[in-house]
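Coordinates from model04.txt are shown below (compact mmCIF, C-alpha atoms and all ligand atoms).
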```
# COMPACT_ATOMS: atom_id res chain seq x y z
CA MET A 65 8.73 -123.82 35.67
CA THR A 66 6.16 -123.92 32.89
CA ILE A 67 2.61 -123.73 34.25
CA LYS A 68 0.36 -126.41 32.77
CA VAL A 69 -3.03 -124.91 31.94
CA ALA A 70 -6.27 -126.76 31.11
CA ILE A 71 -9.21 -124.97 29.49
CA ASN A 72 -12.61 -126.46 30.33
CA GLY A 73 -15.05 -125.07 27.75
CA PHE A 74 -13.64 -123.95 24.40
CA GLY A 75 -16.24 -121.38 23.38
CA THR A 76 -16.14 -117.58 23.09
CA ILE A 77 -13.97 -117.03 26.17
CA GLY A 78 -12.19 -120.41 26.26
CA LYS A 79 -10.69 -120.21 22.76
CA ARG A 80 -9.41 -116.72 23.45
CA VAL A 81 -7.89 -117.59 26.84
CA ALA A 82 -6.21 -120.62 25.24
CA ASP A 83 -4.58 -118.40 22.60
CA ALA A 84 -3.45 -115.83 25.19
CA VAL A 85 -1.94 -118.57 27.39
CA ASP A 86 -0.26 -120.14 24.36
CA ALA A 87 1.39 -116.76 23.69
CA GLN A 88 3.15 -116.76 27.09
CA THR A 89 6.61 -118.21 27.72
CA ASP A 90 5.89 -119.28 31.32
CA MET A 91 2.76 -121.38 30.66
CA GLU A 92 1.43 -123.91 28.18
CA ILE A 93 -1.93 -125.36 27.18
CA VAL A 94 -2.10 -129.05 28.11
CA GLY A 95 -5.60 -129.48 26.73
CA VAL A 96 -8.99 -127.99 25.95
CA THR A 97 -12.42 -129.61 26.27
CA LYS A 98 -15.33 -129.79 23.87
CA THR A 99 -18.70 -131.37 24.70
CA GLY A 100 -18.70 -133.23 21.38
CA PRO A 101 -17.29 -133.12 17.87
CA SER A 102 -18.02 -129.83 16.10
CA PHE A 103 -16.35 -127.14 14.03
CA GLY A 104 -14.75 -125.73 17.22
CA CYS A 105 -12.61 -128.87 17.45
CA ASP A 106 -10.87 -127.89 14.20
CA LEU A 107 -9.62 -124.71 15.86
CA ALA A 108 -8.02 -126.73 18.68
CA VAL A 109 -6.48 -129.17 16.21
CA LYS A 110 -5.10 -126.32 14.09
CA LYS A 111 -3.50 -124.74 17.16
CA GLY A 112 -2.07 -128.10 18.28
CA PHE A 113 -4.01 -128.06 21.57
CA PRO A 114 -4.75 -131.60 22.82
CA LEU A 115 -8.49 -132.17 22.62
CA TYR A 116 -10.42 -133.73 25.54
CA CYS A 117 -14.08 -134.47 26.10
CA THR A 118 -15.96 -132.34 28.67
CA PHE A 119 -17.31 -135.59 30.16
CA ASP A 120 -15.70 -138.86 31.23
CA ASP A 121 -18.29 -141.19 29.61
CA SER A 122 -16.60 -143.51 27.12
CA SER A 123 -19.45 -143.18 24.58
CA LYS A 124 -19.06 -139.38 24.51
CA ILE A 125 -15.27 -139.69 24.21
CA SER A 126 -15.50 -142.19 21.35
CA ALA A 127 -17.87 -139.87 19.44
CA PHE A 128 -14.84 -137.67 18.70
CA ALA A 129 -12.94 -140.52 17.00
CA ASP A 130 -16.10 -141.43 15.06
CA ALA A 131 -16.10 -137.88 13.66
CA GLY A 132 -12.40 -138.04 12.81
CA TYR A 133 -10.94 -136.13 15.78
CA SER A 134 -8.22 -137.48 18.03
CA CYS A 135 -9.50 -137.17 21.61
CA SER A 136 -7.02 -137.59 24.47
CA GLY A 137 -9.66 -138.60 27.06
CA GLY A 138 -12.24 -137.13 29.40
CA LEU A 139 -12.11 -134.14 31.74
CA SER A 140 -10.56 -136.20 34.57
CA ASP A 141 -7.68 -137.20 32.29
CA LEU A 142 -7.08 -133.56 31.42
CA LEU A 143 -7.23 -132.38 35.04
CA SER A 144 -4.68 -135.06 36.00
CA VAL A 145 -2.00 -133.44 33.80
CA ALA A 146 -2.73 -129.77 34.67
CA ASP A 147 -1.59 -127.37 37.41
CA VAL A 148 -4.56 -125.05 36.92
CA VAL A 149 -7.88 -125.18 35.06
CA VAL A 150 -9.56 -122.15 33.55
CA ASP A 151 -13.28 -122.89 33.61
CA CYS A 152 -14.86 -121.27 30.54
CA SER A 153 -18.06 -123.28 30.58
CA PRO A 154 -21.40 -121.46 30.25
CA GLY A 155 -22.32 -119.58 33.44
CA LYS A 156 -23.96 -121.38 36.38
CA LEU A 157 -22.20 -124.73 35.86
CA GLY A 158 -19.60 -123.70 38.42
CA ALA A 159 -20.79 -125.60 41.47
CA GLU A 160 -20.83 -128.89 39.55
CA ASN A 161 -17.38 -128.31 38.07
CA LEU A 162 -15.84 -127.03 41.31
CA GLU A 163 -16.20 -130.45 42.92
CA LYS A 164 -14.30 -132.03 40.01
CA TYR A 165 -11.44 -129.53 40.32
CA LYS A 166 -11.20 -130.04 44.06
CA ARG A 167 -11.12 -133.81 43.62
CA ALA A 168 -8.29 -133.42 41.08
CA GLY A 169 -6.39 -131.26 43.58
CA ILE A 170 -5.57 -128.49 41.11
CA LYS A 171 -6.09 -124.74 41.11
CA TYR A 172 -9.14 -123.29 39.35
CA ILE A 173 -10.32 -120.04 37.80
CA PHE A 174 -13.99 -119.39 37.04
CA GLN A 175 -15.49 -116.61 34.89
CA GLY A 176 -17.96 -113.82 35.56
CA GLY A 177 -21.02 -115.98 34.85
CA GLU A 178 -20.47 -117.50 38.29
CA LYS A 179 -21.20 -115.78 41.57
CA HIS A 180 -18.49 -114.52 43.92
CA ALA A 181 -19.86 -116.88 46.60
CA LEU A 182 -18.75 -119.92 44.58
CA THR A 183 -15.09 -119.32 45.39
CA GLY A 184 -15.27 -116.49 47.96
CA GLN A 185 -12.58 -114.81 45.85
CA SER A 186 -12.74 -112.62 42.76
CA TYR A 187 -10.04 -111.10 40.58
CA THR A 188 -9.06 -108.21 38.39
CA SER A 189 -5.42 -107.46 37.62
CA SER A 190 -5.48 -103.85 38.80
CA ALA A 191 -7.72 -104.20 41.88
CA ASN A 192 -6.58 -107.22 43.87
CA HIS A 193 -3.87 -109.34 42.23
CA SER A 194 -2.02 -109.52 45.55
CA ASP A 195 -5.10 -110.87 47.44
CA ASN A 196 -5.15 -113.81 45.01
CA ILE A 197 -1.52 -114.86 45.34
CA GLY A 198 -1.37 -118.59 46.08
CA VAL A 199 -5.12 -119.12 46.63
CA ASP A 200 -6.68 -122.40 45.45
CA GLY A 201 -9.27 -120.80 43.22
CA THR A 202 -10.94 -117.56 42.21
CA ARG A 203 -13.30 -115.94 39.72
CA VAL A 204 -12.21 -113.49 37.02
CA VAL A 205 -15.11 -111.03 37.18
CA SER A 206 -17.37 -110.26 34.21
CA CYS A 207 -16.47 -108.09 31.24
CA ASN A 208 -18.48 -105.20 32.72
CA THR A 209 -16.89 -105.43 36.16
CA THR A 210 -13.45 -105.71 34.59
CA GLY A 211 -14.14 -102.57 32.57
CA LEU A 212 -15.34 -100.61 35.60
CA SER A 213 -12.35 -101.78 37.61
CA ARG A 214 -9.86 -100.62 34.94
CA THR A 215 -10.87 -96.95 35.15
CA LEU A 216 -12.24 -96.68 38.70
CA VAL A 217 -9.42 -98.38 40.60
CA PRO A 218 -6.71 -95.88 39.56
CA LEU A 219 -9.13 -93.06 40.36
CA PHE A 220 -9.87 -94.56 43.78
CA ASP A 221 -6.17 -95.17 44.45
CA TYR A 222 -5.53 -91.47 43.80
CA CYS A 223 -8.52 -90.04 45.69
CA GLY A 224 -8.92 -92.50 48.56
CA SER A 225 -12.71 -92.62 48.21
CA LEU A 226 -15.23 -92.79 45.40
CA LYS A 227 -19.02 -92.90 45.08
CA VAL A 228 -20.21 -94.12 41.70
CA GLU A 229 -23.50 -94.44 39.82
CA CYS A 230 -23.39 -96.00 36.36
CA THR A 231 -25.71 -97.16 33.62
CA MET A 232 -24.64 -100.22 31.70
CA ILE A 233 -25.87 -100.19 28.10
CA ARG A 234 -25.38 -103.84 27.29
CA ARG A 235 -25.07 -105.70 24.02
CA ALA A 236 -27.97 -108.10 23.50
CA ALA A 237 -25.84 -111.10 22.47
CA ASP A 238 -22.33 -111.98 21.31
CA PRO A 239 -21.87 -111.88 17.51
CA GLY A 240 -21.78 -115.68 17.30
CA ASP A 241 -24.93 -116.15 19.40
CA SER A 242 -28.16 -116.66 17.46
CA LYS A 243 -30.45 -117.34 20.42
CA LYS A 244 -30.62 -114.17 22.50
CA GLY A 245 -32.26 -110.77 22.08
CA PRO A 246 -33.75 -108.21 22.07
CA ILE A 247 -33.65 -107.51 18.34
CA ASN A 248 -36.06 -104.58 18.35
CA ALA A 249 -36.41 -103.25 21.87
CA ILE A 250 -34.53 -101.72 24.77
CA ALA A 251 -34.83 -104.05 27.73
CA PRO A 252 -34.29 -102.54 31.17
CA VAL A 253 -32.99 -104.87 33.88
CA LEU A 254 -35.83 -104.51 36.36
CA LYS A 255 -33.86 -105.73 39.31
CA VAL A 256 -32.55 -102.39 40.55
CA PRO A 257 -29.83 -101.63 41.28
CA SER A 258 -28.37 -104.15 38.82
CA HIS A 259 -25.66 -106.55 39.97
CA HIS A 260 -23.01 -105.11 37.63
CA GLY A 261 -21.81 -102.11 39.61
CA PRO A 262 -21.89 -103.74 43.06
CA ASP A 263 -19.84 -106.63 41.62
CA VAL A 264 -16.88 -104.21 41.55
CA MET A 265 -16.95 -104.38 45.35
CA THR A 266 -15.94 -108.07 45.18
CA VAL A 267 -12.52 -106.89 43.99
CA LYS A 268 -12.40 -103.37 45.47
CA PRO A 269 -14.83 -103.21 48.43
CA GLU A 270 -13.86 -99.61 49.22
CA ILE A 271 -15.54 -98.23 46.06
CA GLU A 272 -19.20 -97.36 46.73
CA ILE A 273 -21.01 -98.19 43.51
CA ASN A 274 -24.47 -98.89 42.13
CA SER A 275 -25.75 -99.43 38.62
CA LEU A 276 -28.73 -99.64 36.32
CA ALA A 277 -28.62 -101.77 33.18
CA VAL A 278 -30.43 -101.97 29.85
CA ALA A 279 -29.89 -104.42 27.00
CA VAL A 280 -29.97 -102.96 23.48
CA PRO A 281 -30.05 -104.55 19.99
CA THR A 282 -26.31 -104.60 19.23
CA THR A 283 -23.76 -107.41 19.45
CA ILE A 284 -20.41 -105.70 19.38
CA MET A 285 -19.78 -103.83 22.65
CA HIS A 286 -21.21 -102.58 25.92
CA VAL A 287 -21.14 -98.87 26.81
CA HIS A 288 -21.00 -97.55 30.37
CA ALA A 289 -22.28 -94.07 31.25
CA ILE A 290 -20.59 -93.28 34.55
CA VAL A 291 -21.03 -90.57 37.18
CA ALA A 292 -18.40 -90.62 39.94
CA ASP A 293 -18.35 -88.33 42.97
CA LEU A 294 -14.80 -87.60 44.10
CA PRO A 295 -14.00 -86.48 47.65
CA SER A 296 -13.60 -82.72 48.08
CA GLY A 297 -10.01 -81.53 47.84
CA HIS A 298 -9.15 -84.30 45.35
CA GLY A 299 -6.87 -81.96 43.36
CA LEU A 300 -7.80 -83.49 40.01
CA SER A 301 -8.91 -81.80 36.79
CA THR A 302 -10.46 -83.20 33.60
CA GLU A 303 -7.00 -82.98 32.02
CA SER A 304 -5.20 -84.79 34.84
CA ILE A 305 -7.81 -87.59 34.82
CA ILE A 306 -7.30 -87.99 31.07
CA GLN A 307 -3.54 -88.17 31.69
CA MET A 308 -4.04 -90.72 34.51
CA TRP A 309 -6.03 -93.03 32.25
CA LYS A 310 -3.59 -92.57 29.37
CA GLU A 311 -0.94 -93.99 31.72
CA THR A 312 -3.20 -96.83 32.95
CA PRO A 313 -2.55 -100.29 31.48
CA ARG A 314 -5.25 -101.67 29.19
CA VAL A 315 -7.10 -98.37 28.87
CA ILE A 316 -7.24 -96.48 25.55
CA VAL A 317 -8.23 -92.81 25.72
CA MET A 318 -9.00 -91.26 22.33
CA ASN A 319 -10.69 -88.13 21.13
CA GLY A 320 -13.82 -89.32 19.37
CA VAL A 321 -14.55 -86.30 17.18
CA ASN A 322 -10.94 -85.74 16.03
CA ASN A 323 -10.41 -89.44 15.25
CA ARG A 324 -13.90 -89.99 13.87
CA ILE A 325 -14.45 -92.76 16.39
CA THR A 326 -17.71 -91.59 17.91
CA THR A 327 -19.56 -94.92 18.20
CA THR A 328 -18.83 -98.53 19.16
CA ALA A 329 -18.95 -99.46 15.45
CA GLU A 330 -15.85 -97.34 14.78
CA VAL A 331 -14.11 -98.59 17.94
CA MET A 332 -14.50 -102.16 16.70
CA GLU A 333 -13.40 -101.18 13.20
CA MET A 334 -10.24 -99.72 14.75
CA ALA A 335 -9.59 -103.03 16.55
CA ARG A 336 -9.86 -104.85 13.22
CA ASP A 337 -7.67 -102.25 11.49
CA ILE A 338 -4.85 -102.64 14.01
CA GLY A 339 -4.84 -106.37 13.37
CA ARG A 340 -6.31 -107.77 16.56
CA LYS A 341 -7.30 -111.44 16.20
CA TRP A 342 -11.08 -111.88 16.02
CA GLY A 343 -11.19 -108.04 15.95
CA ASP A 344 -10.75 -108.11 19.74
CA LEU A 345 -9.98 -105.12 21.93
CA HIS A 346 -8.50 -106.13 25.30
CA GLU A 347 -8.36 -102.49 26.35
CA ILE A 348 -11.26 -100.41 27.68
CA PHE A 349 -12.01 -97.56 25.28
CA VAL A 350 -12.68 -94.16 26.88
CA TRP A 351 -13.79 -91.20 24.77
CA GLU A 352 -11.52 -88.30 25.77
CA ASP A 353 -14.10 -85.72 24.69
CA GLY A 354 -16.74 -87.51 26.78
CA ILE A 355 -14.85 -86.94 30.04
CA SER A 356 -15.85 -83.95 32.15
CA LEU A 357 -15.11 -83.11 35.78
CA GLN A 358 -17.61 -80.57 37.09
CA GLY A 359 -16.74 -79.63 40.64
CA ASP A 360 -16.33 -82.93 42.45
CA ARG A 361 -18.51 -84.86 40.00
CA LEU A 362 -16.92 -86.75 37.12
CA TYR A 363 -18.85 -87.79 34.00
CA TYR A 364 -17.51 -90.21 31.39
CA PHE A 365 -18.38 -92.93 28.87
CA GLN A 366 -16.43 -96.08 28.19
CA ALA A 367 -16.84 -98.97 25.76
CA ILE A 368 -16.17 -102.59 26.61
CA HIS A 369 -15.39 -105.34 24.13
CA GLN A 370 -17.27 -108.00 26.08
CA GLU A 371 -15.66 -111.01 24.41
CA SER A 372 -12.09 -109.99 25.13
CA ASP A 373 -11.34 -107.54 27.97
CA VAL A 374 -11.20 -110.42 30.49
CA ILE A 375 -8.76 -112.48 28.40
CA PRO A 376 -5.42 -111.01 29.55
CA GLU A 377 -6.81 -110.88 33.12
CA ASN A 378 -7.10 -114.68 33.07
CA VAL A 379 -3.39 -114.92 32.22
CA ASP A 380 -2.41 -112.60 35.10
CA CYS A 381 -4.75 -114.54 37.37
CA ILE A 382 -2.95 -117.81 36.56
CA ARG A 383 0.31 -116.20 37.73
CA ALA A 384 -1.36 -114.98 40.91
CA LEU A 385 -2.75 -118.40 41.81
CA MET A 386 0.54 -120.11 41.01
CA GLY A 387 2.43 -117.44 42.97
CA THR A 388 4.88 -116.82 40.12
CA GLU A 389 4.42 -113.02 39.80
CA GLU A 390 3.46 -110.90 42.79
CA ASP A 391 3.57 -107.52 41.05
CA TRP A 392 0.38 -106.97 39.02
CA LYS A 393 1.95 -104.37 36.75
CA ALA A 394 4.85 -106.70 35.93
CA SER A 395 2.38 -109.46 35.08
CA VAL A 396 0.26 -107.16 32.90
CA ALA A 397 3.35 -105.96 31.01
CA LYS A 398 4.52 -109.53 30.47
CA THR A 399 1.08 -110.78 29.37
CA ASP A 400 0.47 -107.93 26.94
CA ALA A 401 3.96 -107.98 25.40
CA ALA A 402 3.72 -111.73 24.81
CA ILE A 403 0.27 -111.40 23.18
CA SER A 404 1.50 -108.55 20.93
CA SER A 405 4.57 -110.43 19.74
CA TYR A 406 2.54 -113.67 19.25
CA TYR A 407 0.38 -111.83 16.74
CA GLY A 408 3.22 -109.74 15.36
CA LEU A 409 1.56 -106.46 16.41
P1 LIG B 501 -19.91 -119.98 25.32
O1 LIG B 501 -21.27 -120.56 25.32
O2 LIG B 501 -19.45 -119.23 24.13
O3 LIG B 501 -18.84 -121.14 25.56
C1 LIG B 501 -18.99 -122.12 26.54
C2 LIG B 501 -18.38 -123.43 26.06
O4 LIG B 501 -18.45 -124.41 27.09
C3 LIG B 501 -19.10 -124.00 24.83
O5 LIG B 501 -18.13 -124.44 23.91
C4 LIG B 501 -19.91 -125.17 25.43
O6 LIG B 501 -20.10 -126.22 24.50
C5 LIG B 501 -18.99 -125.62 26.55
N1 LIG B 501 -19.69 -126.38 27.61
C6 LIG B 501 -21.00 -126.68 27.71
N2 LIG B 501 -21.23 -127.39 28.82
C7 LIG B 501 -20.05 -127.53 29.46
C8 LIG B 501 -19.63 -128.15 30.67
N3 LIG B 501 -20.49 -128.80 31.46
N4 LIG B 501 -18.34 -128.08 31.02
C9 LIG B 501 -17.44 -127.43 30.25
N5 LIG B 501 -17.77 -126.82 29.08
C10 LIG B 501 -19.06 -126.88 28.69
O7 LIG B 501 -19.81 -119.12 26.64
P2 LIG B 501 -18.81 -117.91 26.90
O8 LIG B 501 -19.40 -116.66 26.37
O9 LIG B 501 -17.44 -118.32 26.48
O10 LIG B 501 -18.91 -117.80 28.49
C11 LIG B 501 -18.10 -118.57 29.34
C12 LIG B 501 -18.04 -117.88 30.69
O11 LIG B 501 -17.41 -116.61 30.52
C13 LIG B 501 -19.39 -117.59 31.35
O12 LIG B 501 -19.23 -117.65 32.75
C14 LIG B 501 -19.67 -116.17 30.92
O13 LIG B 501 -20.57 -115.51 31.78
C15 LIG B 501 -18.28 -115.59 31.00
N6 LIG B 501 -18.06 -114.37 30.19
C16 LIG B 501 -18.57 -114.28 28.93
C17 LIG B 501 -18.35 -113.12 28.22
C18 LIG B 501 -18.91 -112.94 26.83
O14 LIG B 501 -19.16 -111.84 26.41
N7 LIG B 501 -19.11 -114.00 26.06
C19 LIG B 501 -17.59 -112.09 28.76
C20 LIG B 501 -17.02 -112.25 30.03
C21 LIG B 501 -17.27 -113.41 30.74
```
Can you dump the structure from the file as structure tokens?
Amino acid sequence: MTIKVAINGFGTIGKRVADAVDAQTDMEIVGVTKTGPSFGCDLAVKKGFPLYCTFDDSSKISAFADAGYSCSGGLSDLLSVADVVVDCSPGKLGAENLEKYKRAGIKYIFQGGEKHALTGQSYTSSANHSDNIGVDGTRVVSCNTTGLSRTLVPLFDYCGSLKVECTMIRRAADPGDSKKGPINAIAPVLKVPSHHGPDVMTVKPEIEINSLAVAVPTTIMHVHAIVADLPSGHGLSTESIIQMWKETPRVIVMNGVNNRITTTAEVMEMARDIGRKWGDLHEIFVWEDGISLQGDRLYYFQAIHQESDVIPENVDCIRALMGTEEDWKASVAKTDAAISSYYGL
């Protein structure tokens, strides 16, 4: 069975999820939506993805033809030929779109800009793939929550309990976004604790976690400064934690000083050097020399490529909803191998 996937919203996340789905042998893109004719349509045309209008109004659909694009119809037409829709619309449009997906009777995946309450389910590959098997719909959590989940879940699984405080140093805007800031300030999130850390508990409720957040004038990555208290008698050392994360899927552990990768600028340069499309880094980057276990308290830094760490998770999530792969590690291996061979990496 080939899973038919619709992408509603072909922006930063949508275009990347479409590519990652297209790379898989067990799923295909049946269409992507754009709100109107624009440069982004060319990308869909080039990839051979059928183009649909975000809306069903005939005047909005015909605007595509007027601009020289072949449009296959409105959102309802797309939903009628899909098994599952990945909603990549801007955050907070979820409630409106959810009704449309329910009416179409297909499965749906939202992104981290929506609240957990929208679906009552959230997802990361390593934390709760099995809880999402066969459900009607879920939410792939944000880039930050995905990043925290990647390194904290294996630690929790080993220790059996974990108390975490973290500070999220967030990029101000995505590189293609000209509207947001700050451009010359550090902006603390004054709602404390911030929502980022506690959001991990939507996929792994057993981890006790809180966070503070600040936005800084950079566009390329987020950095997390994390302090985790392990239970006494955990039996871990700095070295064994490094080894654990080296064996964890979608985590890269590298010595910053030895490799001369001491900032997010060099991490992103590495992603471009190794040939990742758009310069993406699906993995969470952990500085080996920034990890230190002192007694029961663990300190570490990690960097998150906000535009791409959630992309392979969406692919695994499709398999969970469709019930075609129950083992999260098998899905992750399949997703990542297909993406690597698609790009010849
Ligand atoms: P984006 O603005 O880059 O893309 C959204 C796309 O949806 C645009 O092409 C827009 O034209 C289109 N759109 C507008 N109205 C729509 C509607 N009613 N229905 C469908 N599509 C519509 O946004 P993004 O960064 O791709 O974010 C999408 C979702 O992913 C959000 O929930 C966001 O919070 C989440 N997310 C974003 C990032 C990131 O760093 N960009 C990371 C993780 C998760």
**Asked** Quick one: residues within 7 Å of A:Val287, all atoms listed in the file counted, chain neighbours fewer than 6 positions away excluded, as a list of chain:residue names?
**Response**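 The residues that qualify are A:Met232, A:Ile233, A:Arg234, A:Phe365, A:Gln366, A:Ala367, A:Ile368.
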**Message:** Taking 6 positions as the minimum chain separation for residues in the same chain, which residues sit within 9 Å of A:Ser134 when counting only C-alpha atoms? Answer as a PyMOL selection string.
**Reply:** chain A and resi 109+114-116+128
Write the residues of the preceding selection, restricted to C-alpha atoms, as a compact mmCIF listing (two decimals), in the coordinates of the input.
```txt
# COMPACT_ATOMS: atom_id res chain seq x y z
CA VAL A 109 -6.48 -129.17 16.21
CA PRO A 114 -4.75 -131.60 22.82
CA LEU A 115 -8.49 -132.17 22.62
CA TYR A 116 -10.42 -133.73 25.54
CA PHE A 128 -14.84 -137.67 18.70
```
**Item:** Expected selection as a PyMOL selection string for ligand LIG 501 (chain B) within 9 Å, all atoms listed in the file
**Value:** chain A and resi 71-80+97-100+104+117-119+139+151-158+160-161+174-178+204-208+210+235+237-238+240-241+285+369-375
**Request:** Figure out the distance between atom CA of A:Asp344 and atom CA of A:Trp392, please, to one decimal in Å.
**Result:** 22.3 Å
**Request:** Return the single residue from A:Thr215, A:Gly138, A:Arg336, A:Ala289 that is closest to A:Thr312, with distances computed using all atoms listed in the file.
**Result:**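 Closest candidate: A:Thr215.
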Write only all heavy atoms for stretch 123-130 of chain A from the block just shown, as a compact mmCIF listing (two decimals), in the first residue's frame.
```txt
# COMPACT_ATOMS: atom_id res chain seq x y z
N SER A 123 -12.89 31.71 -7.72
CA SER A 123 -12.08 32.85 -8.18
C SER A 123 -10.62 32.69 -7.74
O SER A 123 -9.68 33.03 -8.46
CB SER A 123 -12.65 34.16 -7.65
OG SER A 123 -12.60 34.15 -6.24
N LYS A 124 -10.43 32.14 -6.53
CA LYS A 124 -9.04 31.95 -6.04
C LYS A 124 -8.36 30.83 -6.81
O LYS A 124 -7.15 30.89 -7.08
CB LYS A 124 -9.06 31.65 -4.54
CG LYS A 124 -9.47 32.88 -3.74
CD LYS A 124 -9.21 32.77 -2.27
CE LYS A 124 -9.39 34.14 -1.62
NZ LYS A 124 -10.05 34.11 -0.35
N ILE A 125 -9.14 29.80 -7.19
CA ILE A 125 -8.56 28.69 -7.95
C ILE A 125 -8.16 29.18 -9.35
O ILE A 125 -7.07 28.88 -9.84
CB ILE A 125 -9.57 27.51 -8.04
CG1 ILE A 125 -9.82 26.93 -6.64
CG2 ILE A 125 -9.07 26.42 -8.99
CD1 ILE A 125 -10.94 25.90 -6.55
N SER A 126 -9.05 29.98 -9.96
CA SER A 126 -8.76 30.40 -11.34
C SER A 126 -7.58 31.39 -11.41
O SER A 126 -6.95 31.54 -12.45
CB SER A 126 -10.00 30.98 -12.01
OG SER A 126 -10.41 32.10 -11.29
N ALA A 127 -7.26 32.02 -10.27
CA ALA A 127 -6.12 32.95 -10.26
C ALA A 127 -4.81 32.23 -10.61
O ALA A 127 -3.89 32.83 -11.16
CB ALA A 127 -5.99 33.61 -8.89
N PHE A 128 -4.74 30.93 -10.29
CA PHE A 128 -3.53 30.17 -10.61
C PHE A 128 -3.36 30.07 -12.13
O PHE A 128 -2.28 30.31 -12.66
CB PHE A 128 -3.59 28.76 -9.99
CG PHE A 128 -3.35 28.74 -8.51
CD1 PHE A 128 -4.39 28.99 -7.61
CD2 PHE A 128 -2.09 28.49 -8.00
CE1 PHE A 128 -4.18 28.98 -6.24
CE2 PHE A 128 -1.86 28.48 -6.62
CZ PHE A 128 -2.91 28.72 -5.74
N ALA A 129 -4.47 29.70 -12.82
CA ALA A 129 -4.40 29.55 -14.29
C ALA A 129 -4.05 30.90 -14.92
O ALA A 129 -3.25 30.96 -15.86
CB ALA A 129 -5.73 29.04 -14.81
N ASP A 130 -4.64 31.98 -14.36
CA ASP A 130 -4.36 33.33 -14.90
C ASP A 130 -2.87 33.65 -14.83
O ASP A 130 -2.34 34.39 -15.66
CB ASP A 130 -5.13 34.40 -14.11
CG ASP A 130 -6.64 34.21 -14.25
OD1 ASP A 130 -7.05 33.46 -15.16
OD2 ASP A 130 -7.40 34.79 -13.42
```
